[in-house]
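Structure file entry37.cif (mmCIF, C-alpha atoms) follows.
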data_work
#
loop_
_atom_site.label_atom_id
_atom_site.label_comp_id
_atom_site.auth_asym_id
_atom_site.auth_seq_id
_atom_site.Cartn_x
_atom_site.Cartn_y
_atom_site.Cartn_z
CA MET V 1 -19.91 2.70 -26.94
CA SER V 2 -18.13 1.91 -23.68
CA ILE V 3 -14.63 0.52 -23.98
CA TYR V 4 -15.90 -2.47 -21.97
CA GLN V 5 -18.55 -3.27 -24.61
CA ASP V 6 -20.88 -6.08 -23.53
CA TYR V 7 -18.61 -7.08 -20.64
CA GLU V 8 -19.51 -4.07 -18.49
CA GLN V 9 -22.46 -5.85 -16.89
CA THR V 10 -20.18 -8.74 -15.94
CA LEU V 11 -17.81 -6.31 -14.22
CA HIS V 12 -20.70 -5.01 -12.12
CA GLU V 13 -21.79 -8.56 -11.27
CA ILE V 14 -18.30 -9.46 -10.05
CA ALA V 15 -17.89 -6.23 -8.08
CA ASP V 16 -21.29 -6.62 -6.42
CA ASP V 17 -20.62 -10.21 -5.40
CA LEU V 18 -17.18 -9.46 -3.97
CA ILE V 19 -18.49 -6.48 -2.00
CA ARG V 20 -21.36 -8.56 -0.62
CA ARG V 21 -18.95 -11.27 0.54
CA ILE V 22 -16.55 -8.77 2.14
CA LYS V 23 -19.43 -7.04 3.96
CA ASP V 24 -20.85 -10.37 5.15
CA ASN V 25 -17.43 -11.33 6.50
CA ASN V 26 -17.21 -8.03 8.37
CA GLU V 27 -20.60 -8.62 9.98
CA SER V 28 -19.69 -12.19 10.90
CA TYR V 29 -16.37 -11.06 12.37
CA TYR V 30 -18.15 -8.39 14.42
CA ALA V 31 -20.68 -10.92 15.74
CA GLN V 32 -17.86 -13.22 16.87
CA ASN V 33 -15.32 -10.68 18.14
CA GLY V 34 -17.17 -7.47 18.90
CA THR V 35 -14.92 -5.50 16.55
CA LYS V 36 -15.01 -4.78 12.84
CA VAL V 37 -12.35 -6.12 10.50
CA TYR V 38 -12.50 -2.94 8.39
CA GLU V 39 -13.80 0.61 8.76
CA HIS V 40 -14.39 1.68 5.15
CA LEU V 41 -15.02 -0.25 1.95
CA SER V 42 -15.22 1.25 -1.52
CA CYS V 43 -15.49 -0.12 -5.02
CA ARG V 44 -15.48 1.41 -8.46
CA ILE V 45 -15.60 0.40 -12.10
CA LYS V 46 -13.03 2.63 -13.84
CA SER V 47 -14.92 5.04 -16.07
CA ASP V 48 -14.73 4.78 -19.84
CA GLU V 49 -12.86 8.10 -19.99
CA SER V 50 -10.33 7.09 -17.34
CA MET V 51 -9.69 3.70 -18.93
CA ARG V 52 -9.19 5.23 -22.37
CA GLU V 53 -6.79 7.80 -20.91
CA LYS V 54 -4.80 5.05 -19.22
CA CYS V 55 -4.63 3.04 -22.44
CA GLN V 56 -3.22 6.10 -24.21
CA ARG V 57 -0.72 6.74 -21.40
CA LYS V 58 0.47 3.12 -21.51
CA GLY V 59 0.72 3.06 -25.31
CA LEU V 60 -2.08 0.49 -25.66
CA GLN V 61 -4.93 0.23 -28.13
CA GLU V 62 -8.17 1.75 -26.84
CA ASP V 63 -10.08 -1.51 -26.94
CA VAL V 64 -11.74 -4.03 -24.67
CA HIS V 65 -8.74 -6.38 -24.65
CA SER V 66 -6.46 -3.66 -23.33
CA ALA V 67 -9.06 -2.63 -20.75
CA LEU V 68 -9.83 -6.10 -19.39
CA VAL V 69 -6.65 -8.12 -19.99
CA GLU V 70 -3.64 -5.83 -20.27
CA LEU V 71 -4.44 -3.36 -17.49
CA LYS V 72 -6.32 -5.54 -14.96
CA ASP V 73 -7.78 -2.66 -12.95
CA ALA V 74 -11.21 -2.08 -14.48
CA ILE V 75 -12.62 -3.11 -11.09
CA GLY V 76 -11.02 -1.49 -8.06
CA ILE V 77 -11.69 -2.31 -4.41
CA ARG V 78 -10.23 -0.46 -1.43
CA ILE V 79 -10.48 -1.69 2.15
CA VAL V 80 -9.51 0.71 4.94
CA THR V 81 -8.90 -0.77 8.38
CA SER V 82 -8.20 0.54 11.87
CA PHE V 83 -5.24 -1.77 12.50
CA VAL V 84 -2.44 -3.29 10.47
CA ASP V 85 -3.34 -6.87 11.39
CA ASP V 86 -6.84 -6.32 9.99
CA ILE V 87 -5.30 -5.78 6.56
CA PHE V 88 -3.98 -9.32 6.55
CA GLU V 89 -7.19 -10.68 8.11
CA ASN V 90 -9.12 -9.28 5.14
CA LEU V 91 -6.51 -10.56 2.72
CA GLU V 92 -6.81 -14.10 4.08
CA PHE V 93 -10.59 -13.97 3.72
CA ILE V 94 -10.36 -12.79 0.11
CA LYS V 95 -7.90 -15.59 -0.64
CA SER V 96 -10.49 -18.04 0.68
CA ILE V 97 -13.18 -16.99 -1.83
CA PRO V 98 -13.51 -20.04 -4.14
CA TYR V 99 -13.41 -18.20 -7.47
CA VAL V 100 -10.56 -15.82 -6.52
CA SER V 101 -6.82 -16.27 -6.85
CA ILE V 102 -4.12 -13.66 -6.29
CA ILE V 103 -1.73 -13.36 -9.22
CA ASN V 104 0.31 -10.37 -8.06
CA GLU V 105 1.00 -8.82 -4.65
CA LYS V 106 2.97 -5.75 -3.59
CA ASP V 107 3.50 -5.23 0.13
CA TYR V 108 4.21 -1.54 0.57
CA ILE V 109 3.55 -1.88 4.30
CA ARG V 110 6.59 -3.95 5.17
CA HIS V 111 8.53 -2.38 2.29
CA SER V 112 7.31 1.20 1.85
CA LYS V 113 8.01 3.28 -1.24
CA PRO V 114 10.87 5.82 -0.96
CA ASN V 115 8.39 8.68 -0.54
CA GLY V 116 6.79 6.96 2.47
CA TYR V 117 3.75 5.46 0.72
CA ARG V 118 2.36 2.43 2.52
CA SER V 119 -0.42 0.14 1.35
CA TYR V 120 -1.00 -3.47 0.33
CA HIS V 121 -1.79 -4.00 -3.35
CA ALA V 122 -2.97 -7.18 -5.04
CA ILE V 123 -4.34 -8.20 -8.41
CA LEU V 124 -7.13 -10.75 -8.13
CA GLU V 125 -7.95 -13.17 -10.91
CA VAL V 126 -11.65 -14.00 -10.84
CA THR V 127 -13.09 -17.06 -12.55
CA TRP V 128 -16.64 -16.12 -13.47
CA ASP V 129 -19.55 -17.90 -15.12
CA ARG V 130 -19.43 -15.68 -18.19
CA GLU V 131 -17.36 -15.75 -21.35
CA ASP V 132 -14.32 -13.46 -21.28
CA VAL V 133 -12.63 -11.36 -23.97
CA LYS V 134 -10.51 -14.32 -25.08
CA GLY V 135 -13.58 -16.54 -25.50
CA ASN V 136 -12.89 -18.66 -22.40
CA PHE V 137 -15.85 -20.02 -20.45
CA PRO V 138 -15.90 -19.64 -17.54
CA GLY V 139 -14.03 -16.42 -18.07
CA LYS V 140 -11.11 -14.78 -16.32
CA TYR V 141 -11.55 -11.24 -15.02
CA TYR V 142 -9.33 -9.05 -12.87
CA VAL V 143 -9.69 -6.82 -9.83
CA GLU V 144 -7.23 -4.35 -8.33
CA LEU V 145 -7.29 -4.55 -4.52
CA GLN V 146 -5.84 -2.01 -2.08
CA LEU V 147 -5.77 -2.48 1.69
CA ARG V 148 -4.66 0.30 4.08
CA THR V 149 -5.06 1.54 7.61
CA ILE V 150 -6.91 4.81 8.21
CA ALA V 151 -3.56 6.54 8.77
CA MET V 152 -2.14 5.21 5.48
CA ASP V 153 -5.30 6.26 3.63
CA SER V 154 -5.19 9.81 5.03
CA TRP V 155 -1.54 10.14 4.02
CA ALA V 156 -2.20 8.80 0.52
CA ALA V 157 -5.06 11.27 0.02
CA LEU V 158 -2.78 14.18 0.92
CA GLU V 159 0.06 12.91 -1.27
CA HIS V 160 -2.44 12.53 -4.14
CA GLN V 161 -3.37 16.22 -3.80
CA LEU V 162 0.28 17.20 -4.06
CA LYS V 163 0.80 14.94 -7.07
CA TYR V 164 -2.04 16.40 -9.13
CA LYS V 165 -2.20 20.02 -7.96
CA LYS V 166 -0.23 22.37 -10.22
CA ASN V 167 2.08 25.21 -9.20
CA VAL V 168 2.53 24.12 -5.58
CA GLU V 169 5.19 26.16 -3.80
CA ASN V 170 7.83 24.60 -1.53
CA GLN V 171 7.45 21.16 -3.10
CA GLU V 172 10.75 19.86 -1.74
CA LEU V 173 9.78 20.86 1.80
CA ILE V 174 6.34 19.28 1.43
CA VAL V 175 7.79 16.04 0.08
CA SER V 176 10.24 15.90 2.98
CA GLU V 177 7.49 16.57 5.50
CA LEU V 178 5.26 13.94 3.92
CA LYS V 179 8.02 11.35 4.27
CA ARG V 180 8.53 12.30 7.93
CA VAL V 181 4.81 12.12 8.63
CA ALA V 182 4.55 8.75 6.85
CA ASP V 183 7.20 7.33 9.17
CA ASP V 184 5.46 8.83 12.22
CA MET V 185 2.13 7.36 11.12
CA ALA V 186 3.72 3.95 10.58
CA ALA V 187 5.12 4.05 14.11
CA CYS V 188 1.68 5.07 15.37
CA ASP V 189 0.06 2.15 13.53
CA VAL V 190 2.49 -0.24 15.23
CA SER V 191 1.77 1.28 18.64
CA MET V 192 -1.99 1.11 18.10
CA GLN V 193 -1.72 -2.54 17.06
CA THR V 194 0.36 -3.31 20.15
CA ILE V 195 -2.19 -1.64 22.44
CA LYS V 196 -5.04 -3.55 20.77
CA ASN V 197 -3.14 -6.82 21.22
CA LEU V 198 -2.61 -6.06 24.92
CA ILE V 199 -6.32 -5.27 25.41
CA HIS V 200 -7.38 -8.51 23.78
CA LYS V 201 -4.61 -10.68 25.19
CA LYS V 202 -5.99 -13.82 26.78
CA GLN V 203 -5.29 -13.96 30.48
#
The structure given in the file should be rewritten as structure tokens.
Amino acid sequence: MSIYQDYEQTLHEIADDLIRRIKDNNESYYAQNGTKVYEHLSCRIKSDESMREKCQRKGLQEDVHSALVELKDAIGIRIVTSFVDDIFENLEFIKSIPYVSIINEKDYIRHSKPNGYRSYHAILEVTWDREDVKGNFPGKYYVELQLRTIAMDSWAALEHQLKYKKNVENQELIVSELKRVADDMAACDVSMQTIKNLIHKKQ
């Protein structure tokens, strides 16, 4: 049986509704402004195998409470934008969804990790018309949200390959180069945002 037990269908309901709202907002934004507020949108329900592995790694029981209450990332949404400001535009929209509240935020854009990683992370608490693991109705469910520019996403994908590929030679050099490239990409993101602002500046 899945670690999510009978709550798995609820996870899919929540994910589907959030994705629909985010897509609708993108279409509305495009109709009003002629530009999209994001370029790529992805969503996943963490697989049973991955969730069990994470429970083991964190020293938690492999049960539905750990999966849906302790870890808070059974549902994952990633929004990839062209420009930095679009990250915060999407964030403001998500905050406006009636059943969503943000209970934790980590701004790795303004305050990047030492290795150069940049992204905006948030944990959403979703109040949903279903009973939760604790027996509350309506229930509380959680979503892990990541927002990045295209440049940040490309960098993170490359860093992920380094992190999980074994026996990589010249690791110190690669890590140093990744940090340099991260800083260059951040500067590029700022320049791109500035150019966009100049193009759309009201005369």
Query raised in the report: Applied to this file, what does the PyMOL selection byres ((chain V and resi 76) around 9) return in terms of residues, put as a PyMOL selection string?
Result: chain V and resi 15+42-46+73-75+77-78+143-146
**Report entry** Counting all atoms listed in the file, the option among V:Ser119, V:Ser82, V:Gln9, V:Ser176 closest to Tyr38 (chain V)
**Finding:**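 For Tyr38 (chain V), the nearest of the candidates is V:Ser82.
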Report summary line: Pairwise distance, CA of Phe88 (chain V) with CA of Ala187 (chain V), equals 17.9 Å
Query raised in the report: So what do you get for CA of Arg52 (chain V) versus CA of Ile22 (chain V), distance-wise?
Result: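 Interatomic distance, CA of Arg52 (chain V) to CA of Ile22 (chain V): 29.2 Å.
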Query raised in the report: If you count only C-alpha atoms, which residues fall within 10 Å of Leu71 (chain V), apart from same-chain ones fewer than 3 positions away, as a PyMOL selection string?
Result: chain V and resi 51+54-55+58+60+65-68+74+142-144
Query raised in the report: CA of Lys113 (chain V) and CA of Met152 (chain V), how far apart in Å?
Result: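 Between CA of Met152 (chain V) and CA of Lys113 (chain V) the gap works out to 12.3 Å.
With only C-alpha atoms as the atoms that count, the minimum distance from Asn25 (chain V) to the choices V:Asn170, V:Ser96, V:Gln161, V:Gln193 is reached by V:Ser96.
Proximity ranking of V:Val168, V:Val37, V:Ile79, V:Leu124 relative to Ile97 (chain V) places V:Leu124 first, based on all atoms listed in the file.
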Query raised in the report: Looking at all atoms listed in the file, which of V:Ile19, V:Val64, V:Ile199, V:Ile174 is the one that sits closest to Met1 (chain V)?
Result: V:Val64
I would like the residues chosen by the PyMOL selection byres ((chain V and resi 81) around 6) on the shown file; could you give them as an mmCIF file with C-alpha atoms, keeping the file's coordinate frame?
data_model
loop_
_atom_site.group_PDB
_atom_site.id
_atom_site.type_symbol
_atom_site.label_atom_id
_atom_site.label_comp_id
_atom_site.auth_asym_id
_atom_site.auth_seq_id
_atom_site.Cartn_x
_atom_site.Cartn_y
_atom_site.Cartn_z
ATOM 1 C CA TYR V 38 -12.500 -2.940 8.390
ATOM 2 C CA GLU V 39 -13.800 0.610 8.760
ATOM 3 C CA VAL V 80 -9.510 0.710 4.940
ATOM 4 C CA SER V 82 -8.200 0.540 11.870
ATOM 5 C CA PHE V 83 -5.240 -1.770 12.500
ATOM 6 C CA THR V 149 -5.060 1.540 7.610
ATOM 7 C CA ILE V 150 -6.910 4.810 8.210
#
